[in-house]
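Structure file target12.cif (mmCIF, C-alpha atoms) follows.
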data_model
loop_
_atom_site.label_atom_id
_atom_site.label_comp_id
_atom_site.auth_asym_id
_atom_site.auth_seq_id
_atom_site.Cartn_x
_atom_site.Cartn_y
_atom_site.Cartn_z
CA MET A 1 -99.41 78.52 -207.54
CA ASP A 2 -96.76 75.92 -206.64
CA ASN A 3 -98.05 75.80 -203.07
CA LEU A 4 -101.65 75.45 -204.27
CA ALA A 5 -100.68 72.49 -206.46
CA PHE A 6 -98.80 70.90 -203.56
CA TRP A 7 -101.78 71.14 -201.20
CA ALA A 8 -104.11 69.87 -203.96
CA ILE A 9 -101.93 66.78 -204.43
CA ILE A 10 -101.76 66.14 -200.67
CA GLY A 11 -105.51 66.58 -200.37
CA ALA A 12 -106.19 64.24 -203.28
CA ALA A 13 -103.89 61.56 -201.86
CA THR A 14 -105.56 61.78 -198.45
CA LEU A 15 -109.04 61.64 -200.01
CA ALA A 16 -108.08 58.61 -202.09
CA THR A 17 -106.90 56.78 -198.97
CA ILE A 18 -110.15 57.58 -197.17
CA LEU A 19 -112.25 56.37 -200.13
CA VAL A 20 -110.38 53.05 -200.31
CA LEU A 21 -111.01 52.43 -196.62
CA ALA A 22 -114.64 53.52 -196.91
CA ARG A 23 -115.21 51.14 -199.81
CA ARG A 24 -113.97 48.24 -197.75
CA LEU A 25 -116.06 49.17 -194.70
CA LEU A 26 -119.29 50.20 -196.40
CA ALA A 27 -119.36 48.02 -199.53
CA VAL A 28 -121.53 45.19 -198.11
CA SER A 29 -125.18 45.44 -199.22
CA SER A 30 -128.06 43.23 -198.29
CA GLY A 31 -128.51 41.86 -201.83
CA ASP A 32 -124.86 40.95 -202.18
CA THR A 33 -124.89 39.36 -198.74
CA SER A 34 -127.77 37.02 -199.62
CA LYS A 35 -126.03 36.01 -202.83
CA ASP A 36 -122.74 35.35 -201.04
CA GLU A 37 -124.45 33.37 -198.34
CA ALA A 38 -126.22 31.23 -200.96
CA GLU A 39 -122.88 30.55 -202.66
CA MET A 40 -121.22 29.60 -199.35
CA THR A 41 -124.13 27.30 -198.37
CA SER A 42 -123.93 25.60 -201.74
CA ASP A 43 -120.16 25.09 -201.38
CA MET A 44 -120.62 23.56 -197.95
CA LYS A 45 -123.31 21.17 -199.32
CA VAL A 46 -120.94 20.11 -202.10
CA TYR A 47 -118.15 19.36 -199.60
CA ARG A 48 -120.53 17.33 -197.42
CA ASP A 49 -121.69 15.37 -200.47
CA GLN A 50 -118.07 14.68 -201.39
CA LEU A 51 -117.45 13.23 -197.91
CA SER A 52 -120.49 10.93 -198.26
CA GLU A 53 -119.41 9.87 -201.75
CA LEU A 54 -115.95 9.10 -200.40
CA ASP A 55 -117.46 6.70 -197.86
CA ARG A 56 -119.36 4.93 -200.64
CA ASP A 57 -116.20 4.66 -202.78
CA ILE A 58 -114.39 2.99 -199.89
CA ALA A 59 -117.28 0.50 -199.46
CA ARG A 60 -117.18 -0.31 -203.18
CA GLY A 61 -113.40 -0.69 -203.06
CA THR A 62 -112.74 1.88 -205.79
CA VAL A 63 -110.54 3.98 -203.48
CA SER A 64 -107.89 2.75 -201.10
CA LYS A 65 -108.15 3.62 -197.43
CA GLU A 66 -104.93 5.70 -197.53
CA ASP A 67 -106.12 7.79 -200.50
CA ALA A 68 -109.50 8.19 -198.90
CA ASP A 69 -107.94 9.52 -195.67
CA ARG A 70 -105.89 12.12 -197.57
CA ALA A 71 -108.94 13.20 -199.57
CA ARG A 72 -111.09 13.40 -196.43
CA VAL A 73 -108.55 15.71 -194.74
CA GLU A 74 -108.51 18.08 -197.75
CA ILE A 75 -112.33 18.14 -198.09
CA SER A 76 -112.72 18.73 -194.34
CA ARG A 77 -110.29 21.67 -194.51
CA ARG A 78 -112.29 23.28 -197.33
CA LEU A 79 -115.52 22.71 -195.43
CA LEU A 80 -114.11 24.44 -192.33
CA ASP A 81 -112.88 27.42 -194.41
CA ALA A 82 -116.32 27.82 -195.97
CA ASP A 83 -117.96 27.66 -192.56
CA LYS A 84 -115.61 30.34 -191.14
CA ALA A 85 -116.26 32.63 -194.11
CA ALA A 86 -120.00 32.24 -193.65
CA LYS A 87 -119.79 33.15 -189.97
CA ALA A 88 -117.59 36.20 -190.68
CA ARG A 89 -120.01 37.39 -193.34
CA LYS A 90 -122.87 36.93 -190.92
CA ALA A 91 -121.06 38.98 -188.24
CA ALA A 92 -120.43 41.78 -190.73
CA GLN A 93 -124.08 41.76 -191.70
CA ASP A 94 -125.12 41.96 -188.05
CA THR A 95 -122.93 45.06 -187.41
CA PRO A 96 -125.13 48.19 -187.20
CA LYS A 97 -124.74 50.29 -190.34
CA GLY A 98 -124.81 53.51 -188.33
CA LEU A 99 -121.88 52.41 -186.18
CA THR A 100 -119.90 51.51 -189.30
CA ARG A 101 -120.53 54.93 -190.81
CA VAL A 102 -119.55 56.71 -187.59
CA THR A 103 -116.33 54.66 -187.43
CA MET A 104 -115.53 55.54 -191.04
CA GLY A 105 -116.19 59.22 -190.33
CA LEU A 106 -113.81 59.19 -187.36
CA ILE A 107 -111.14 57.45 -189.44
CA ALA A 108 -111.54 60.06 -192.17
CA ILE A 109 -111.18 62.95 -189.69
CA ILE A 110 -108.14 61.39 -188.03
CA LEU A 111 -106.44 60.73 -191.38
CA ALA A 112 -107.10 64.21 -192.74
CA ALA A 113 -106.29 66.15 -189.57
CA GLY A 114 -103.34 63.91 -188.72
CA SER A 115 -101.78 64.18 -192.18
CA PHE A 116 -102.02 67.95 -192.38
CA GLY A 117 -101.10 68.41 -188.71
CA LEU A 118 -98.02 66.21 -189.02
CA TYR A 119 -96.78 68.10 -192.06
CA TRP A 120 -97.48 71.45 -190.40
CA THR A 121 -95.40 70.34 -187.39
CA ILE A 122 -92.37 68.68 -189.01
CA GLY A 123 -92.63 70.01 -192.55
CA VAL A 124 -91.93 73.46 -193.96
CA PRO A 125 -95.30 74.95 -195.01
CA GLY A 126 -94.93 77.47 -197.79
CA ALA A 127 -91.48 76.28 -198.88
CA PRO A 128 -91.27 75.90 -202.66
CA ASP A 129 -90.75 72.36 -203.88
CA TYR A 130 -87.44 72.64 -205.71
CA GLY A 131 -84.88 69.99 -206.47
CA ARG A 132 -81.41 70.15 -204.96
CA ALA A 133 -79.79 71.56 -208.09
CA LYS A 134 -82.35 74.33 -208.41
CA ARG A 135 -82.08 75.20 -204.72
CA ILE A 136 -78.30 75.54 -205.05
CA ALA A 137 -78.74 77.69 -208.15
CA ILE A 138 -81.21 79.97 -206.35
CA SER A 139 -78.85 80.20 -203.36
CA ASP A 140 -75.95 81.18 -205.62
CA GLU A 141 -78.09 83.82 -207.32
CA VAL A 142 -79.19 85.29 -203.97
CA ARG A 143 -75.62 85.28 -202.75
CA GLN A 144 -74.33 87.04 -205.87
CA ASN A 145 -77.06 89.71 -205.81
CA ARG A 146 -77.20 90.51 -202.10
CA PRO A 147 -76.64 94.12 -200.98
CA SER A 148 -73.14 95.51 -200.67
CA GLN A 149 -71.70 96.68 -197.37
CA GLU A 150 -72.49 100.29 -198.23
CA GLN A 151 -76.11 99.45 -199.10
CA ALA A 152 -76.55 97.39 -195.94
CA GLU A 153 -75.16 100.15 -193.74
CA ALA A 154 -77.44 102.69 -195.44
CA GLN A 155 -80.45 100.69 -194.26
CA MET A 156 -79.29 100.74 -190.63
CA PRO A 157 -80.23 103.51 -188.16
CA VAL A 158 -77.72 106.32 -187.87
CA TRP A 159 -75.49 106.00 -184.82
CA GLY A 160 -77.22 107.82 -181.99
CA GLY A 161 -74.10 108.64 -180.01
CA PRO A 162 -72.34 106.91 -177.12
CA PRO A 163 -74.24 105.10 -174.36
CA ILE A 164 -75.73 107.43 -171.77
CA ASP A 165 -73.78 105.70 -168.99
CA ALA A 166 -70.41 106.10 -170.73
CA PRO A 167 -67.97 107.97 -168.40
CA ALA A 168 -67.27 111.53 -169.47
CA ASP A 169 -63.51 111.15 -169.11
CA TYR A 170 -63.59 108.07 -171.36
CA LEU A 171 -65.48 109.99 -174.03
CA GLU A 172 -62.90 112.76 -173.84
CA LEU A 173 -60.10 110.26 -174.34
CA VAL A 174 -61.83 108.75 -177.41
CA ASP A 175 -62.45 112.21 -178.84
CA GLY A 176 -58.77 113.02 -178.35
CA LEU A 177 -57.86 109.77 -180.07
CA ARG A 178 -60.00 110.73 -183.07
CA LYS A 179 -58.20 114.03 -183.40
CA ALA A 180 -54.83 112.36 -183.05
CA VAL A 181 -55.63 109.91 -185.84
CA GLU A 182 -56.79 112.76 -188.07
CA GLY A 183 -53.40 114.38 -187.61
CA ARG A 184 -51.53 111.07 -188.10
CA PRO A 185 -53.67 108.94 -190.44
CA ASP A 186 -50.79 106.52 -191.08
CA ASP A 187 -50.25 105.60 -187.43
CA PRO A 188 -51.19 101.88 -187.12
CA ARG A 189 -51.29 101.97 -183.32
CA GLY A 190 -53.68 104.92 -183.32
CA LEU A 191 -55.96 103.29 -185.91
CA ASP A 192 -55.96 100.03 -183.96
CA LEU A 193 -57.02 101.81 -180.76
CA LEU A 194 -59.60 103.91 -182.59
CA ALA A 195 -61.24 100.85 -184.15
CA THR A 196 -61.40 99.20 -180.73
CA HIS A 197 -62.91 102.15 -178.89
CA GLU A 198 -65.35 103.17 -181.62
CA ALA A 199 -66.68 99.62 -181.54
CA ALA A 200 -66.92 99.80 -177.74
CA LEU A 201 -69.11 102.89 -178.10
CA GLY A 202 -71.32 101.19 -180.70
CA ASN A 203 -70.08 103.37 -183.58
CA MET A 204 -69.50 100.38 -185.86
CA VAL A 205 -69.23 102.29 -189.13
CA ALA A 206 -66.44 104.47 -187.74
CA ALA A 207 -64.73 101.39 -186.31
CA ARG A 208 -64.97 99.64 -189.66
CA LYS A 209 -63.49 102.64 -191.46
CA ALA A 210 -60.58 102.86 -189.01
CA MET A 211 -59.90 99.15 -189.43
CA SER A 212 -60.00 99.52 -193.21
CA GLN A 213 -57.29 102.18 -193.02
CA LEU A 214 -55.26 99.92 -190.76
CA LEU A 215 -55.47 97.04 -193.27
CA GLU A 216 -54.29 99.34 -196.06
CA ILE A 217 -51.27 100.38 -194.01
CA LYS A 218 -50.38 96.82 -193.03
CA GLY A 219 -50.75 95.48 -196.56
CA ASP A 220 -49.18 92.04 -196.92
CA THR A 221 -48.30 91.98 -193.23
CA ALA A 222 -51.98 91.92 -192.17
CA THR A 223 -52.78 88.81 -190.13
CA PRO A 224 -55.81 86.47 -190.29
CA ASP A 225 -56.99 88.09 -187.04
CA ASP A 226 -56.93 91.50 -188.73
CA TYR A 227 -59.16 90.33 -191.59
CA ALA A 228 -61.52 88.43 -189.26
CA ARG A 229 -61.76 91.48 -187.02
CA GLN A 230 -62.66 93.69 -189.98
CA ALA A 231 -65.27 91.16 -191.10
CA GLU A 232 -66.85 91.19 -187.64
CA LEU A 233 -66.95 95.00 -187.57
CA MET A 234 -68.58 95.05 -191.01
CA ILE A 235 -71.15 92.44 -189.99
CA ASN A 236 -72.02 94.36 -186.82
CA ALA A 237 -72.24 97.61 -188.80
CA ALA A 238 -74.73 95.89 -191.14
CA GLY A 239 -76.89 94.59 -188.29
CA GLY A 240 -75.66 91.00 -188.49
CA PHE A 241 -75.81 90.77 -192.29
CA VAL A 242 -72.78 89.23 -194.04
CA SER A 243 -72.23 91.36 -197.12
CA PRO A 244 -70.01 90.44 -200.11
CA ASP A 245 -67.39 92.82 -198.71
CA ALA A 246 -67.44 91.08 -195.32
CA GLU A 247 -67.27 87.72 -197.09
CA ALA A 248 -64.12 88.90 -198.88
CA MET A 249 -62.54 89.68 -195.49
CA LEU A 250 -63.50 86.23 -194.20
CA ARG A 251 -62.06 84.59 -197.28
CA ALA A 252 -58.80 86.51 -196.82
CA ALA A 253 -58.60 85.33 -193.20
CA LEU A 254 -59.24 81.69 -194.14
CA GLU A 255 -56.73 81.78 -196.99
CA ARG A 256 -54.08 82.70 -194.45
CA ASP A 257 -55.38 80.41 -191.70
CA PRO A 258 -58.00 77.78 -192.72
CA THR A 259 -58.56 76.91 -189.05
CA HIS A 260 -59.42 80.44 -187.91
CA ALA A 261 -62.46 79.94 -185.65
CA PHE A 262 -64.13 83.35 -185.95
CA ALA A 263 -63.74 83.38 -189.74
CA ARG A 264 -65.30 79.93 -189.94
CA PHE A 265 -68.12 80.97 -187.61
CA TYR A 266 -69.08 83.99 -189.70
CA THR A 267 -68.64 82.09 -192.96
CA GLY A 268 -71.15 79.53 -191.66
CA LEU A 269 -73.48 82.42 -190.83
CA MET A 270 -73.10 83.70 -194.39
CA PHE A 271 -74.07 80.30 -195.83
CA ALA A 272 -77.10 80.10 -193.52
CA GLN A 273 -78.25 83.56 -194.65
CA ASN A 274 -78.03 82.59 -198.30
CA GLY A 275 -79.99 79.35 -198.38
CA ARG A 276 -77.18 76.84 -197.89
CA PRO A 277 -77.94 75.29 -194.49
CA ASP A 278 -76.05 72.15 -195.57
CA LEU A 279 -72.73 74.02 -195.87
CA ALA A 280 -73.42 76.09 -192.75
CA PHE A 281 -74.25 72.97 -190.73
CA ARG A 282 -71.07 71.14 -191.74
CA MET A 283 -68.90 74.14 -190.90
CA TRP A 284 -70.58 74.87 -187.57
CA ARG A 285 -70.69 71.22 -186.54
CA ARG A 286 -66.90 70.92 -186.87
CA LEU A 287 -66.44 74.14 -184.91
CA LEU A 288 -68.82 73.01 -182.18
CA GLU A 289 -67.18 69.63 -181.76
CA GLU A 290 -63.66 71.02 -181.89
CA GLY A 291 -64.41 73.60 -179.19
CA PRO A 292 -63.27 74.95 -176.87
CA THR A 293 -66.57 75.23 -175.07
CA ASP A 294 -65.58 78.53 -173.47
CA ALA A 295 -65.07 80.22 -176.84
CA GLU A 296 -67.26 83.25 -177.45
CA TRP A 297 -68.92 81.71 -180.51
CA TRP A 298 -69.56 78.28 -178.93
CA PRO A 299 -72.88 79.08 -177.14
CA ALA A 300 -74.21 80.88 -180.23
CA ILE A 301 -73.57 77.86 -182.44
CA ARG A 302 -74.99 75.40 -179.96
CA ASP A 303 -78.22 77.40 -179.58
CA GLN A 304 -78.82 77.59 -183.34
CA ILE A 305 -77.40 74.39 -184.80
CA GLY A 306 -80.51 72.33 -184.02
CA ASP A 307 -82.67 74.44 -186.35
CA LEU A 308 -79.87 74.52 -188.90
CA ALA A 309 -79.58 70.72 -188.83
CA ALA A 310 -83.33 70.38 -189.45
CA LEU A 311 -83.11 72.65 -192.49
CA ALA A 312 -80.11 70.67 -193.75
CA GLY A 313 -81.98 67.38 -193.32
CA GLU A 314 -79.57 66.15 -190.66
CA ASP A 315 -80.45 64.23 -187.50
CA TYR A 316 -78.06 65.84 -185.04
CA ILE A 317 -78.00 66.26 -181.27
CA PRO A 318 -75.55 69.00 -180.19
CA PRO A 319 -73.21 68.38 -177.26
CA SER A 320 -74.41 69.38 -173.82
CA ALA A 321 -73.60 72.83 -172.56
CA PRO A 322 -70.80 72.77 -170.01
CA GLU A 323 -71.32 73.84 -166.45
CA SER A 324 -70.40 77.49 -165.99
CA ASP A 325 -67.15 77.91 -164.13
CA LEU A 326 -68.16 80.24 -161.34
CA SER A 327 -65.55 79.15 -158.85
CA GLY A 328 -63.33 82.09 -159.57
CA PRO A 329 -59.58 82.07 -160.28
CA SER A 330 -57.61 78.87 -159.97
CA ALA A 331 -54.89 78.34 -157.37
CA ASP A 332 -52.28 79.18 -160.01
CA ASP A 333 -54.11 82.41 -160.84
CA ILE A 334 -54.17 83.41 -157.18
CA ALA A 335 -50.47 82.58 -156.73
CA ALA A 336 -49.62 84.61 -159.80
CA ALA A 337 -51.74 87.53 -158.62
CA GLU A 338 -49.92 87.64 -155.27
CA ASP A 339 -46.68 88.44 -157.07
CA MET A 340 -48.28 91.23 -159.11
CA SER A 341 -48.23 94.90 -158.36
CA GLU A 342 -51.51 96.59 -157.46
CA GLU A 343 -51.70 98.04 -160.96
CA ASP A 344 -51.10 94.70 -162.69
CA ARG A 345 -53.55 92.92 -160.41
CA ALA A 346 -56.23 95.51 -161.15
CA GLU A 347 -55.52 95.17 -164.88
CA MET A 348 -55.89 91.39 -164.69
CA ILE A 349 -59.22 91.65 -162.86
CA GLN A 350 -60.45 94.29 -165.29
CA GLY A 351 -59.49 92.05 -168.20
CA MET A 352 -61.53 89.18 -166.77
CA ILE A 353 -64.50 91.49 -166.30
CA THR A 354 -64.21 92.88 -169.81
CA ARG A 355 -64.08 89.43 -171.42
CA LEU A 356 -67.13 88.25 -169.51
CA SER A 357 -69.01 91.47 -170.26
CA ASP A 358 -68.22 91.26 -173.98
CA ARG A 359 -69.32 87.63 -174.16
CA LEU A 360 -72.61 88.27 -172.38
CA ALA A 361 -73.31 91.28 -174.59
CA ALA A 362 -72.59 89.37 -177.79
CA TYR A 363 -73.94 85.89 -177.07
CA GLY A 364 -75.81 85.98 -173.77
CA GLY A 365 -75.20 83.61 -170.90
CA THR A 366 -76.63 81.90 -167.84
CA PRO A 367 -78.20 83.82 -164.92
CA ALA A 368 -75.23 82.83 -162.77
CA GLU A 369 -72.82 84.45 -165.25
CA TRP A 370 -74.82 87.70 -165.21
CA ALA A 371 -74.81 87.58 -161.42
CA ARG A 372 -71.07 86.99 -161.43
CA LEU A 373 -70.48 90.05 -163.61
CA ILE A 374 -72.62 92.25 -161.35
CA MET A 375 -70.71 91.13 -158.26
CA ALA A 376 -67.33 91.58 -159.95
CA LEU A 377 -68.16 95.14 -161.04
CA SER A 378 -69.32 96.05 -157.55
CA VAL A 379 -66.10 94.67 -156.04
CA VAL A 380 -63.94 96.94 -158.22
CA GLY A 381 -66.16 99.92 -157.41
CA GLU A 382 -67.94 100.23 -160.76
CA THR A 383 -71.40 100.34 -159.21
CA ASP A 384 -72.91 102.42 -162.03
CA GLN A 385 -71.83 99.84 -164.58
CA ALA A 386 -73.09 97.05 -162.32
CA ALA A 387 -76.48 98.80 -162.12
CA ALA A 388 -76.57 99.07 -165.91
CA ILE A 389 -75.80 95.36 -166.25
CA TYR A 390 -78.53 94.56 -163.71
CA ALA A 391 -81.05 96.62 -165.68
CA GLU A 392 -80.11 94.78 -168.87
CA ALA A 393 -80.36 91.41 -167.11
CA GLN A 394 -83.86 92.31 -165.89
CA SER A 395 -84.89 92.80 -169.51
CA VAL A 396 -83.19 89.58 -170.67
CA PHE A 397 -84.77 87.41 -167.95
CA ALA A 398 -88.11 89.23 -167.70
CA THR A 399 -90.03 86.05 -168.59
CA GLN A 400 -87.89 83.74 -166.44
CA PRO A 401 -88.69 84.35 -162.74
CA GLU A 402 -86.23 81.77 -161.40
CA ALA A 403 -83.37 83.19 -163.45
CA LEU A 404 -84.29 86.73 -162.46
CA THR A 405 -84.21 85.72 -158.79
CA ILE A 406 -80.55 84.66 -159.13
CA VAL A 407 -79.59 87.96 -160.74
CA THR A 408 -81.60 90.03 -158.26
CA ARG A 409 -79.96 88.27 -155.32
CA ALA A 410 -76.53 89.22 -156.70
CA ALA A 411 -77.66 92.83 -157.21
CA GLN A 412 -78.88 92.96 -153.61
CA GLN A 413 -75.55 91.68 -152.36
CA ALA A 414 -73.81 94.27 -154.49
CA GLY A 415 -75.95 97.00 -152.93
CA ILE A 416 -77.59 98.15 -156.18
CA ALA A 417 -81.03 96.64 -155.58
CA GLU A 418 -83.38 96.57 -152.62
#

Whole structure given in structure tokens:
Amino acid sequence: MDNLAFWAIIGAATLATILVLARRLLAVSSGDTSKDEAEMTSDMKVYRDQLSELDRDIARGTVSKEDADRARVEISRRLLDADKAAKARKAAQDTPKGLTRVTMGLIAIILAAGSFGLYWTIGVPGAPDYGRAKRIAISDEVRQNRPSQEQAEAQMPVWGGPPIDAPADYLELVDGLRKAVEGRPDDPRGLDLLATHEAALGNMVAARKAMSQLLEIKGDTATPDDYARQAELMINAAGGFVSPDAEAMLRAALERDPTHAFARFYTGLMFAQNGRPDLAFRMWRRLLEEGPTDAEWWPAIRDQIGDLAALAGEDYIPPSAPESDLSGPSADDIAAAEDMSEEDRAEMIQGMITRLSDRLAAYGGTPAEWARLIMALSVVGETDQAAAIYAEAQSVFATQPEALTIVTRAAQQAGIAE
């Protein structure tokens, strides 16, 4: 009903504008024109008579020459105005009535279509017309009544098991870790590892439960990173939804460290999900401008903040995306690697691969970054994983031929594509 009233008001305002213009264009009738022309001709005759009378007054000496000149200028001005009005009226009368009606029809179509089209493009069709106070009240109500973590997880599909390309020996290690934690439920190191590896296998509920046990054991010694990590596991377990329980974890992280980037990122996401784009925009804008640009959350914010700014009523242009650093390790990295043992060097390379893989999985990236990951995996001999990444990249860039060409070229060089 509110939307119907809104469109009725918009339609009435547009129709009123069209009628005002139509009245001005189509109001001249032949009868009125004759009457107006008679009045203008009479006025012009009066002004001419006044000029003649002025000449007679000068001859009689009843008016001085200076006064007569001033009066003649004023009468001549009025006579010219009357003559211009008569000519304009005559031109309007000579305009074909059909052409005038066609012009008015075109104006009406442009006004109506343009008004509705402009609103449909830059407006928010279907959005209820509430004042700021009511919108905030509705947002608070939605936020207070949103599903709990348990309810959100219940709506998610049941974990279908580890990825099909997960190495068998890795799965055995994780299974052994589960059994070890069952035997030693108070071991913080075991719970930490279990939360990490369950998350790596996509078993987010199990990872969240392990992290919950770890927080209980740590108690007051838990760090902001611990709370932010638990919040992220809960959000992933709920399919990206920030539940009240996850919000409590974020609040705990920010109470201990108000500058914690991940906690601020997910808190902004929570505000956006609950109808407060103004708060989300302010929080994400500060994060985006503070950087660093290579942070995992930076591309995600930059890709979404434009829409968020529009909803918040802000005119904002996000900073440009930085060029991807594909040049490889720096000279200092290479020098440091030369002094490492084979085992440490392999660990360093694997760490770089893991960080890039995690970032691409969570937030996406450029075609060159996907290509870089494929090449890196092939170099360390993980061709199966490289093939899996290539298959995923084909799905991601299926509608972008140029991007897919970059990835395919890397796969060919790695020997996993023809």

List the residues selected by the PyMOL selection byres ((chain A and resi 250) around 7) in the file shown, writing them as a PyMOL selection string.
chain A and resi 227-228+231+246-249+251-254+263+267

Check which residues satisfy the PyMOL selection byres ((chain A and resi 371-388) around 12) in the file shown, then give them as JSON, numbers by chain.
{"A": [163, 164, 165, 166, 167, 324, 325, 326, 327, 328, 345, 346, 347, 348, 349, 350, 351, 352, 353, 354, 355, 356, 357, 358, 359, 360, 361, 365, 366, 367, 368, 369, 370, 389, 390, 391, 392, 393, 394, 395, 397, 403, 404, 405, 406, 407, 408, 409, 410, 411, 412, 413, 414, 415, 416, 417, 418]}

Expanded to explicit residues, what is the PyMOL selection byres ((chain A and resi 307) around 12) for this file, as a ChimeraX atom specification?
/A:122,272,277-278,280-281,301-306,308-318

Residues just named, written with C-alpha atoms as a short mmCIF file (atom, residue, chain, number, x, y, z; two decimals), in the coordinates of the input:
data_model
loop_
_atom_site.label_atom_id
_atom_site.label_comp_id
_atom_site.auth_asym_id
_atom_site.auth_seq_id
_atom_site.Cartn_x
_atom_site.Cartn_y
_atom_site.Cartn_z
CA ILE A 122 -92.37 68.68 -189.01
CA ALA A 272 -77.10 80.10 -193.52
CA PRO A 277 -77.94 75.29 -194.49
CA ASP A 278 -76.05 72.15 -195.57
CA ALA A 280 -73.42 76.09 -192.75
CA PHE A 281 -74.25 72.97 -190.73
CA ILE A 301 -73.57 77.86 -182.44
CA ARG A 302 -74.99 75.40 -179.96
CA ASP A 303 -78.22 77.40 -179.58
CA GLN A 304 -78.82 77.59 -183.34
CA ILE A 305 -77.40 74.39 -184.80
CA GLY A 306 -80.51 72.33 -184.02
CA LEU A 308 -79.87 74.52 -188.90
CA ALA A 309 -79.58 70.72 -188.83
CA ALA A 310 -83.33 70.38 -189.45
CA LEU A 311 -83.11 72.65 -192.49
CA ALA A 312 -80.11 70.67 -193.75
CA GLY A 313 -81.98 67.38 -193.32
CA GLU A 314 -79.57 66.15 -190.66
CA ASP A 315 -80.45 64.23 -187.50
CA TYR A 316 -78.06 65.84 -185.04
CA ILE A 317 -78.00 66.26 -181.27
CA PRO A 318 -75.55 69.00 -180.19
#

Taking 4 positions as the minimum chain separation for residues in the same chain, which residues sit within 12 Å of stretch 142-159 of chain A when counting all atoms listed in the file? Answer as JSON, numbers by chain.
{"A": [135, 136, 137, 138, 163, 198, 199, 201, 202, 203, 204, 205, 206, 207, 208, 209, 231, 233, 234, 235, 236, 237, 238, 239, 240, 241, 242, 243, 244, 245, 246, 247, 248, 249, 270, 271, 272, 273, 274, 275, 276]}

Please, which residues are within 12 Å of (-58.2, 100.7, -183.1) by the file's coordinates, counting only C-alpha atoms, and could they come as a VMD selection string?
chain A and resid 174 177 to 178 181 185 187 to 200 204 206 to 215 226 229 to 230 233

In Å, with one decimal, what is the gap from atom CA of A:Leu287 to atom CA of A:Thr223?
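Atom CA of A:Thr223 lies 20.7 Å from atom CA of A:Leu287.
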
Spatial neighbours of A:Ser76, max dist 12 Å, only C-alpha atoms, sep filter under 3 positions, as a short mmCIF file (atom, residue, chain, number, x, y, z; two decimals) with C-alpha atoms, keeping the file's coordinate frame:
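What follows is the written file result_17.cif:
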data_model
loop_
_atom_site.label_atom_id
_atom_site.label_comp_id
_atom_site.auth_asym_id
_atom_site.auth_seq_id
_atom_site.Cartn_x
_atom_site.Cartn_y
_atom_site.Cartn_z
CA MET A 44 -120.62 23.56 -197.95
CA LYS A 45 -123.31 21.17 -199.32
CA VAL A 46 -120.94 20.11 -202.10
CA TYR A 47 -118.15 19.36 -199.60
CA ARG A 48 -120.53 17.33 -197.42
CA ASP A 49 -121.69 15.37 -200.47
CA GLN A 50 -118.07 14.68 -201.39
CA LEU A 51 -117.45 13.23 -197.91
CA SER A 52 -120.49 10.93 -198.26
CA LEU A 54 -115.95 9.10 -200.40
CA ALA A 68 -109.50 8.19 -198.90
CA ASP A 69 -107.94 9.52 -195.67
CA ARG A 70 -105.89 12.12 -197.57
CA ALA A 71 -108.94 13.20 -199.57
CA ARG A 72 -111.09 13.40 -196.43
CA VAL A 73 -108.55 15.71 -194.74
CA LEU A 79 -115.52 22.71 -195.43
CA LEU A 80 -114.11 24.44 -192.33
CA ASP A 81 -112.88 27.42 -194.41
CA ALA A 82 -116.32 27.82 -195.97
CA ASP A 83 -117.96 27.66 -192.56
#

Pick out the closest residue to A:Ile110 from this set: A:Ile75, A:Val63, A:Ile18, A:Ile10. Count all atoms listed in the file.
A:Ile18

One decimal, Å: what's the distance from atom CA of A:Tyr170 over to atom CA of A:Ile217, could you say?
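Between these atoms lies a distance of 26.9 Å.
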
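Here atom CA of A:Ala222 is placed at a distance of 16.1 Å from atom CA of A:Phe262.
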
Restricting the calculation to all atoms listed in the file: of A:Ala16, A:Trp120, A:Asp140, A:Gly160, which residue gets closest to A:Ala108?
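Using all atoms listed in the file, the shortest distance to A:Ala108 belongs to A:Ala16.
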